[in-house]
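Enquirer: The structure follows.
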Protein chains: 2
Amino acid sequence: MTEKRPFALQRRERVMDELRRHGSVRVQDLARALGVSELTIRRDIAALAARGLLTKVHGGATLPSDLDPAPPRRHRPASTPFTIGMVVPSLDFYWPSVLNGARTAAVAVGVQLQLRGSSYDQAEDRRQIGRLIDAGQVQGLLLAPNLEGEGADEMISWIGNLPVPTILVERHTPQWTPTPRQLEWVRSDHALGLEMAVRHLHEHGHRRIGLVLSKGSPTSAHLAQGWLKACAELDLPSEFVVREDVALGTPGHRRIIEGILTRCRRSRTTALIVHSDPDTMSVAQYFGERGVAVPDDMALVSYDDEVAHLAEPALTAVRPAKARLGRVAVDMMVSRLMEGKRLPPQRVLILPELILRDSSVKRATSL
Amino acid sequence: MTEKRPFALQRRERVMDELRRHGSVRVQDLARALGVSELTIRRDIAALAARGLLTKVHGGATLPSDLDPAPPRRHRPASTPFTIGMVVPSLDFYWPSVLNGARTAAVAVGVQLQLRGSSYDQAEDRRQIGRLIDAGQVQGLLLAPNLEGEGADEMISWIGNLPVPTILVERHTPQWTPTPRQLEWVRSDHALGLEMAVRHLHEHGHRRIGLVLSKGSPTSAHLAQGWLKACAELDLPSEFVVREDVALGTPGHRRIIEGILTRCRRSRTTALIVHSDPDTMSVAQYFGERGVAVPDDMALVSYDDEVAHLAEPALTAVRPAKARLGRVAVDMMVSRLMEGKRLPPQRVLILPELILRDSSVKRATSL
DNA sequence: TCCGAAGCGTTCATATTCGAACAACGAGGT
DNA sequence: ACCTCGTTGTTCGAATATGAACGCTTCGGA
């Protein structure tokens with residue numbers, strides 16, 4: 001069996017990923033987690049530090065800090081001393097990739113990016129945004145606040161009246177917003193992503209398809225919408241929708257998946273689209289245990305391609321272009337800061353991609 | 001079956017495929033799997049890396065990563081020998097401003113722009129597009145074809161299969177398009193523009209508003225849609241819609257306007273939104289002749305701010321950001337040409353602006 | 001202030017991978 | 001038939017990635 005050790009670059013990506021998630025990393029932990037010597041990790045960290053992507057500290061590394069005694073020798077024409085604030089609801093799910101793209105873009109155009117983690121809670125969103133504003137350091141804001149439920153309208157109008165330009169990321173508003181200027185946003189077209197998944201399965205003969213949505217996610221609404229649209233257009237039954245988290249850690253997930261399996265059998269459903277890779281992997285695993293072969297007995301498509309390629313079989317997945325999202329957001333903000341109000345508001349949809357792997361169609365070509 | 005070794009191109013497809021599936025590939029595995037020498041695989045990887053489709057690492061390759069120490073070619077400031085073709089349906093109405101923006105952007109980034117005028121006719125569109133393709137001079141196309149009526153679906157799939165990347169301008173498609181890649185577009189959010197006009201009038205007390213749409217324009221559909229949406233949201237009657245051209249040159253325009261006036265009086269309509277400046281001016285003029293004061297007896301908002309400021313009184317108007325549109329289209333195409341397929345498809349809405357002048361509200365400040 | 005331990009980085013060793021140079025091969029064109 | 005051009009394979013010295021050893025540095029408590 002071939003050594004299944006990740007490449008150096010992947011290791012470094014992992015370092016940056018851990019950093020974004022936890023703000024700091026320890027050499028020891030990483031060495032253990034990746035199964036390499038500490039020295040190797042140190043070398044990785046040194047390389048990343050040399051490019052100003054992190055700050056080396058005794059025992060590990062942290063996010064780049066201005067207090068870093070070794071200043072990054074980036075010879076960028078820092079002609080735009082802008083600082084952009086960014087508030088995202090989570091630092092360990094979905095958003096790290098977005099931040100990655102944002103950071104890269106920021107470095108490329110020479111602006112600072114100031115990050116705040118929030119939660120999926122409106123009060124917390126406002127607190128974090130308020131902190132950034134009050135500090136007076138940021139000239140623009142990229143926000144992904146919670147815009148569901150009660151306070152949505154008020155939140156929108158609050159955001160629209162902030163003293164600095166604002167762009168929503170992965171959020172959208174009613175078409176018209178009661179703000180001095182119409183709010184701008186950039187978001188993934190999740191509805192289209194789901195539609196792509198449905199059409200892919202339809203093309204391969206599936207006529208009864210199920211949808212498993214995670215419970216709390218703001219994307220669920222878009223996914224459901226795309227689902228309904230696709231089913232209507234293709235003349236498929238659209239009643240099979242489950243709204244449950246079924247990832248491995250969830251209490252009772254086995255019982256829930258068993259329920260899904262039963263329902264699939266009863267309705268002769270031959271394909272499932274599941275939101276979030278961990279959930280899909282959990283489903284795939286349970287199905288495997290119960291003798292349901294993927295993709296032969298049941299085709300699976302995951303939504304949100306983070307770790308789908310690590311599953312066995314590798315999962316076909318819809319991949320929102322998260323890095324691009326972050327990049328476009330930063331670019332838009334920079335344009336706005338440079339051109340000011342002259343620039344008409346703009347709303348951008350980034351289309352996801354469908355990555356074909358092994359969980360939806362039997363491979364024609366074998367290794 | 002003969003041991004048929006795949007062609008180089010297929011091999012590279014395979015590399016990319018494997019990459020998408022598993023996130024990384026190693027030279028050894030591929031060489032073994034494809035029955036070629038490692039060097040060959042390395043050469044493939046090098047070629048793909050040069051196009052930015054993957055990141056080379058010791059031992060194999062990974063998906064393009066921002067940590068790539070050898071980043072793709074930064075755009076050469078002087079020598080981007082791209083030529084972008086652009087086909088627009090008219091050279092004397094609406095489109096000149098768009099072309100202006102496109103031309104400016106093209107000059108700014110150093111690409112050629114090759115222009116073709118078409119008509120609002122599908123056959124002519126295809127002929128013009130075909131000519132550009134056949135000449136073999138253009139690397140990308142910005143198109144504004146007629147996508148209404150019968151042949152729309154076929155037109156869309158024809159465009160989606162052209163051998164060069166394509167971006168629709170001021171057009172849109174069904175969310176999902178039956179094309180290898182989802183079509184991209186950039187367009188004005190006319191529906192929102194009209195909604196802004198309605199809300200503006202509503203804010204100033206108007207409760208019975210009329211809409212005059214021009215007959216042949218592809219924007220009419222969007223305007224009608226925004227109209228219905230706004231009226232529904234504001235709880236206004238939405239039945240007053242006229243679809244007639246009423247500009248000064250139109251035969252019978254006085255009779256039509258007289259009809260509109262009568263209808264306004266009967267339904268106690270106090271505000272009109274009229275598509276196209278010349279039509280609005282014509283209405284304003286006729287109303288003036290008939291003793292209907294603008295804005296006191298009748299508020300007017302024009303759609304499409306070309307000459308609205310020249311009217312007397314100056315017309316409040318919704319202004320689609322046409323120059324911006326052209327510029328964004330060119331920028332998008334340049335990104336696509338430089339970054340290739342790596343770039344996920346993108347769809348952009350440019351929001352119009354409402355320009356307040358004298359035809360909709362009595363000026364508070366009187367001289 | 002000092003001390004021990006954990007962490008760090010230099011140097012060397014080793015396995016692996018890379019790519020330049022040249023040879024071999026095969027498909028088209030003349 | 002011949003040539004040419006582009007692709008592929010082989011060989012081999014160079015480059016790279018990693019790890020072990022060992023002395024130096026830094027940290028955090030006494």
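Letters A, B, ... mark the chains of the structure tokens in the order given; residue numbers begin at 1 per chain; ligand numbers begin at 1, in order shown.
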Neighbours of range 1-14 of chain C within 8 Å (only C-alpha atoms (C1' of nucleotides); same-chain residues fewer than 5 positions away dropped), as number ranges by chain?

Expert: A: 58-59; D: 25-26

Enquirer: If you run DSSP on the backbone here, which positions in range 59-209 of chain B get helix (DSSP H, G or I)? Please write them as a ChimeraX atom specification.

Expert: /B:95-109,122-135,152-160,190-203

Enquirer: Mind checking which residues fall within 7 Å of range 36-53 of chain B, counting only C-alpha atoms (C1' of nucleotides), ignoring those fewer than 6 positions away in the same chain, and posting them as a list of chain:residue names?

Expert: B:Arg12, B:Val27, B:Gln28, B:Pro64, B:Pro72, B:Arg342, D:DT8, D:DG9

Enquirer: Per residue of chain A within 7 Å of chain B, what are the shortest atom pair and its distance in Å to one decimal, counting only C-alpha atoms, with rows by chain and residue number, as a Markdown table?

Expert:
| residue | atom | partner | partner_atom | distance |
| --- | --- | --- | --- | --- |
| A:Leu9 | CA | B:Val57 | CA | 6.8 |
| A:Thr104 | CA | B:Asp66 | CA | 6.8 |
| A:Gln175 | CA | B:Leu192 | CA | 6.6 |
| A:Trp176 | CA | B:Leu192 | CA | 6.6 |
| A:Leu192 | CA | B:Trp176 | CA | 6.6 |
| A:His309 | CA | B:His22 | CA | 4.7 |
| A:Leu310 | CA | B:His22 | CA | 6.7 |
| A:Ala314 | CA | B:Arg21 | CA | 6.7 |
| A:Ala321 | CA | B:Pro344 | CA | 6.6 |
| A:Pro344 | CA | B:Leu351 | CA | 6.2 |
| A:Pro345 | CA | B:Leu351 | CA | 5.3 |
| A:Gln346 | CA | B:Ile350 | CA | 4.6 |
| A:Arg347 | CA | B:Leu349 | CA | 4.9 |
| A:Val348 | CA | B:Val348 | CA | 4.4 |
| A:Leu349 | CA | B:Arg347 | CA | 5.0 |
| A:Ile350 | CA | B:Gln346 | CA | 4.6 |
| A:Leu351 | CA | B:Pro345 | CA | 5.3 |
| A:Pro352 | CA | B:Pro344 | CA | 6.9 |
| A:Ile355 | CA | B:Arg20 | CA | 6.7 |
| A:Arg357 | CA | B:Arg21 | CA | 5.4 |
| A:Leu367 | CA | B:Ala33 | CA | 5.7 |

Enquirer: Would you output that residue set with C-alpha atoms, as a short mmCIF file (atom, residue, chain, number, x, y, z; two decimals), in the first residue's frame?

Expert:
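After the write, part-v4.cif holds the following:
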data_model
loop_
_atom_site.label_atom_id
_atom_site.label_comp_id
_atom_site.auth_asym_id
_atom_site.auth_seq_id
_atom_site.Cartn_x
_atom_site.Cartn_y
_atom_site.Cartn_z
CA LEU A 9 1.71 21.97 0.52
CA THR A 104 -5.23 36.17 -0.43
CA GLN A 175 -34.49 42.92 -3.63
CA TRP A 176 -35.29 46.38 -2.37
CA LEU A 192 -28.60 26.57 -8.51
CA HIS A 309 -12.92 13.55 -1.50
CA LEU A 310 -11.73 11.76 1.61
CA ALA A 314 -15.23 9.52 -2.78
CA ALA A 321 -16.65 28.50 -4.76
CA PRO A 344 -23.42 51.87 -8.65
CA PRO A 345 -24.33 49.09 -6.23
CA GLN A 346 -23.67 45.64 -7.45
CA ARG A 347 -24.84 42.17 -6.54
CA VAL A 348 -22.91 39.12 -7.49
CA LEU A 349 -23.85 35.47 -7.68
CA ILE A 350 -21.04 32.94 -7.70
CA LEU A 351 -22.08 29.65 -9.21
CA PRO A 352 -21.10 26.39 -7.55
CA ILE A 355 -17.61 17.62 -8.75
CA ARG A 357 -16.72 11.44 -7.97
CA LEU A 367 -7.71 2.71 -12.18
#

Enquirer: Specify as a list in words all residues of chain D found within 12 Å of chain B, counting only C-alpha atoms (C1' of nucleotides).

Expert: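 Every residue of chain D that passes the 12 Å test is in DG6, DT7, DT8, DG9, DT10, DA15, DT16 and DA17 of chain D.
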
Enquirer: Can I get the selected residues back with C-alpha atoms (C1' of nucleotides), as a compact mmCIF listing (two decimals), in the first residue's frame?

Expert:
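result.txt was written with the following content:
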# COMPACT_ATOMS: atom_id res chain seq x y z
C1' DG D 6 5.78 16.29 -31.72
C1' DT D 7 5.47 12.95 -28.12
C1' DT D 8 7.40 9.55 -25.02
C1' DG D 9 11.06 6.85 -22.63
C1' DT D 10 15.80 6.19 -20.39
C1' DA D 15 17.41 19.25 -6.23
C1' DT D 16 14.11 18.54 -2.58
C1' DA D 17 11.91 16.65 1.55

Enquirer: Which residues are close to Glu258 in chain B, i.e. within 12 Å by only C-alpha atoms (C1' of nucleotides), leaving aside same-chain residues fewer than 2 positions away? Reply as a PyMOL selection string.

Expert: chain B and resi 246+252-256+260-265+282-290+292

Enquirer: What lies within 12 Å of range 146-161 of chain B using only C-alpha atoms (C1' of nucleotides), ignoring chain neighbours under 4 positions off, as a PyMOL selection string?

Expert: chain B and resi 87-90+118-126+129-130+133+140-142+165-185+216-221

Enquirer: Please find the residues of chain C near chain B - the criterion being any atom within 12 Å, counting only C-alpha atoms (C1' of nucleotides) - and write them as a list in words.

Expert: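 Within 12 Å of chain B on chain C, we get DT16, DT17, DC18, DG19 and DA20 of chain C.
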
Enquirer: DSSP on the backbone: what in range 10-192 of chain B comes out strand (DSSP E), as a PDB file with N, CA and C atoms, in the first residue's frame?

Expert:
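Writing done, so here's result.pdb:
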ATOM      1  N   SER B  24      -5.671  15.603  -4.590  1.00  0.00           N
ATOM      2  CA  SER B  24      -4.247  15.585  -4.910  1.00  0.00           C
ATOM      3  C   SER B  24      -3.936  14.321  -5.710  1.00  0.00           C
ATOM      4  N   VAL B  25      -2.859  14.365  -6.424  1.00  0.00           N
ATOM      5  CA  VAL B  25      -2.422  13.175  -7.149  1.00  0.00           C
ATOM      6  C   VAL B  25      -0.935  13.008  -6.923  1.00  0.00           C
ATOM      7  N   ARG B  26      -0.468  11.768  -7.039  1.00  0.00           N
ATOM      8  CA  ARG B  26       0.986  11.608  -6.992  1.00  0.00           C
ATOM      9  C   ARG B  26       1.460  11.013  -8.310  1.00  0.00           C
ATOM     10  N   THR B  55      -1.499  22.988  -8.718  1.00  0.00           N
ATOM     11  CA  THR B  55      -0.261  23.429  -8.085  1.00  0.00           C
ATOM     12  C   THR B  55       0.692  22.251  -8.000  1.00  0.00           C
ATOM     13  N   LYS B  56       1.872  22.467  -8.513  1.00  0.00           N
ATOM     14  CA  LYS B  56       2.849  21.394  -8.514  1.00  0.00           C
ATOM     15  C   LYS B  56       3.465  21.270  -7.126  1.00  0.00           C
ATOM     16  N   VAL B  57       3.611  20.071  -6.653  1.00  0.00           N
ATOM     17  CA  VAL B  57       4.332  19.854  -5.408  1.00  0.00           C
ATOM     18  C   VAL B  57       5.285  18.687  -5.603  1.00  0.00           C
ATOM     19  N   GLY B  60       3.972  15.165  -6.775  1.00  0.00           N
ATOM     20  CA  GLY B  60       2.673  15.135  -7.436  1.00  0.00           C
ATOM     21  C   GLY B  60       2.111  16.527  -7.649  1.00  0.00           C
ATOM     22  N   ALA B  61       0.837  16.659  -7.397  1.00  0.00           N
ATOM     23  CA  ALA B  61       0.190  17.955  -7.585  1.00  0.00           C
ATOM     24  C   ALA B  61      -1.045  18.024  -6.717  1.00  0.00           C
ATOM     25  N   THR B  62      -1.445  19.238  -6.392  1.00  0.00           N
ATOM     26  CA  THR B  62      -2.687  19.439  -5.647  1.00  0.00           C
ATOM     27  C   THR B  62      -3.538  20.442  -6.397  1.00  0.00           C
ATOM     28  N   THR B  83      -8.306  39.768 -27.746  1.00  0.00           N
ATOM     29  CA  THR B  83      -9.317  40.517 -28.463  1.00  0.00           C
ATOM     30  C   THR B  83     -10.680  39.985 -28.043  1.00  0.00           C
ATOM     31  N   ILE B  84     -11.518  40.883 -27.629  1.00  0.00           N
ATOM     32  CA  ILE B  84     -12.851  40.499 -27.180  1.00  0.00           C
ATOM     33  C   ILE B  84     -13.860  40.985 -28.199  1.00  0.00           C
ATOM     34  N   GLY B  85     -14.717  40.085 -28.621  1.00  0.00           N
ATOM     35  CA  GLY B  85     -15.774  40.473 -29.539  1.00  0.00           C
ATOM     36  C   GLY B  85     -17.013  40.876 -28.783  1.00  0.00           C
ATOM     37  N   MET B  86     -17.747  41.828 -29.333  1.00  0.00           N
ATOM     38  CA  MET B  86     -18.951  42.266 -28.645  1.00  0.00           C
ATOM     39  C   MET B  86     -20.043  42.469 -29.680  1.00  0.00           C
ATOM     40  N   VAL B  87     -21.177  41.864 -29.459  1.00  0.00           N
ATOM     41  CA  VAL B  87     -22.289  41.991 -30.395  1.00  0.00           C
ATOM     42  C   VAL B  87     -23.486  42.578 -29.663  1.00  0.00           C
ATOM     43  N   VAL B  88     -23.905  43.749 -30.091  1.00  0.00           N
ATOM     44  CA  VAL B  88     -25.036  44.405 -29.440  1.00  0.00           C
ATOM     45  C   VAL B  88     -26.138  44.650 -30.468  1.00  0.00           C
ATOM     46  N   GLN B 112      -8.123  44.439 -26.956  1.00  0.00           N
ATOM     47  CA  GLN B 112      -8.847  44.944 -28.110  1.00  0.00           C
ATOM     48  C   GLN B 112     -10.325  44.642 -27.953  1.00  0.00           C
ATOM     49  N   LEU B 113     -11.123  45.499 -28.521  1.00  0.00           N
ATOM     50  CA  LEU B 113     -12.556  45.253 -28.503  1.00  0.00           C
ATOM     51  C   LEU B 113     -13.040  45.299 -29.945  1.00  0.00           C
ATOM     52  N   GLN B 114     -13.660  44.203 -30.370  1.00  0.00           N
ATOM     53  CA  GLN B 114     -14.156  44.195 -31.734  1.00  0.00           C
ATOM     54  C   GLN B 114     -15.666  44.209 -31.703  1.00  0.00           C
ATOM     55  N   LEU B 115     -16.223  45.198 -32.329  1.00  0.00           N
ATOM     56  CA  LEU B 115     -17.648  45.442 -32.171  1.00  0.00           C
ATOM     57  C   LEU B 115     -18.432  45.017 -33.395  1.00  0.00           C
ATOM     58  N   ARG B 116     -19.607  44.460 -33.154  1.00  0.00           N
ATOM     59  CA  ARG B 116     -20.522  44.182 -34.248  1.00  0.00           C
ATOM     60  C   ARG B 116     -21.909  44.645 -33.826  1.00  0.00           C
ATOM     61  N   GLY B 117     -22.546  45.387 -34.697  1.00  0.00           N
ATOM     62  CA  GLY B 117     -23.934  45.731 -34.447  1.00  0.00           C
ATOM     63  C   GLY B 117     -24.821  44.660 -35.047  1.00  0.00           C
ATOM     64  N   GLY B 140     -12.824  35.927 -26.778  1.00  0.00           N
ATOM     65  CA  GLY B 140     -13.978  35.907 -25.895  1.00  0.00           C
ATOM     66  C   GLY B 140     -15.091  36.747 -26.489  1.00  0.00           C
ATOM     67  N   LEU B 141     -16.316  36.491 -26.055  1.00  0.00           N
ATOM     68  CA  LEU B 141     -17.454  37.199 -26.635  1.00  0.00           C
ATOM     69  C   LEU B 141     -18.357  37.791 -25.561  1.00  0.00           C
ATOM     70  N   LEU B 142     -18.734  39.035 -25.774  1.00  0.00           N
ATOM     71  CA  LEU B 142     -19.765  39.662 -24.958  1.00  0.00           C
ATOM     72  C   LEU B 142     -20.991  39.797 -25.843  1.00  0.00           C
ATOM     73  N   LEU B 143     -22.080  39.186 -25.443  1.00  0.00           N
ATOM     74  CA  LEU B 143     -23.231  39.102 -26.334  1.00  0.00           C
ATOM     75  C   LEU B 143     -24.498  39.639 -25.694  1.00  0.00           C
ATOM     76  N   THR B 166     -17.990  33.086 -23.166  1.00  0.00           N
ATOM     77  CA  THR B 166     -19.055  33.994 -23.535  1.00  0.00           C
ATOM     78  C   THR B 166     -19.682  34.587 -22.283  1.00  0.00           C
ATOM     79  N   ILE B 167     -19.989  35.855 -22.351  1.00  0.00           N
ATOM     80  CA  ILE B 167     -20.716  36.484 -21.251  1.00  0.00           C
ATOM     81  C   ILE B 167     -21.884  37.256 -21.848  1.00  0.00           C
ATOM     82  N   LEU B 168     -23.057  37.031 -21.316  1.00  0.00           N
ATOM     83  CA  LEU B 168     -24.223  37.767 -21.791  1.00  0.00           C
ATOM     84  C   LEU B 168     -24.279  39.126 -21.107  1.00  0.00           C
ATOM     85  N   VAL B 169     -24.683  40.117 -21.874  1.00  0.00           N
ATOM     86  CA  VAL B 169     -24.759  41.467 -21.346  1.00  0.00           C
ATOM     87  C   VAL B 169     -26.205  41.953 -21.435  1.00  0.00           C
ATOM     88  N   GLU B 184     -22.667  32.759 -18.087  1.00  0.00           N
ATOM     89  CA  GLU B 184     -22.460  33.913 -17.223  1.00  0.00           C
ATOM     90  C   GLU B 184     -23.189  35.116 -17.789  1.00  0.00           C
ATOM     91  N   TRP B 185     -23.585  35.994 -16.931  1.00  0.00           N
ATOM     92  CA  TRP B 185     -24.132  37.242 -17.448  1.00  0.00           C
ATOM     93  C   TRP B 185     -23.889  38.409 -16.501  1.00  0.00           C
ATOM     94  N   VAL B 186     -24.032  39.570 -17.055  1.00  0.00           N
ATOM     95  CA  VAL B 186     -24.034  40.782 -16.240  1.00  0.00           C
ATOM     96  C   VAL B 186     -25.165  41.647 -16.783  1.00  0.00           C
ATOM     97  N   ARG B 187     -26.015  42.088 -15.881  1.00  0.00           N
ATOM     98  CA  ARG B 187     -27.143  42.868 -16.367  1.00  0.00           C
ATOM     99  C   ARG B 187     -27.613  43.871 -15.316  1.00  0.00           C
ATOM    100  N   SER B 188     -28.345  44.849 -15.773  1.00  0.00           N
ATOM    101  CA  SER B 188     -28.942  45.799 -14.848  1.00  0.00           C
ATOM    102  C   SER B 188     -30.156  45.159 -14.192  1.00  0.00           C
TER     103      SER B 188
END

Enquirer: Ranking B:Ser302, B:Asn100, B:Thr250, B:Thr316 by minimum distance to Val212 in chain B and counting only C-alpha atoms, which one comes first?

Expert: B:Ser302

Enquirer: At what distance in Å, to one decimal, does CA of Glu306 in chain A lie from CA of Leu213 in chain A?

Expert: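 Distance between the two atoms: 16.4 Å.
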
Enquirer: For CA of Leu337 in chain B and CA of Pro163 in chain B, quote the distance in Å rounded to one decimal.

Expert: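 About the pair CA of Leu337 in chain B and CA of Pro163 in chain B: they are 12.8 Å apart.
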
Enquirer: Give me, please, the distance in Å between CA of Val318 in chain A and CA of Leu234 in chain A, quoted to one decimal.

Expert: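 Going from CA of Val318 in chain A over to CA of Leu234 in chain A covers 19.0 Å.
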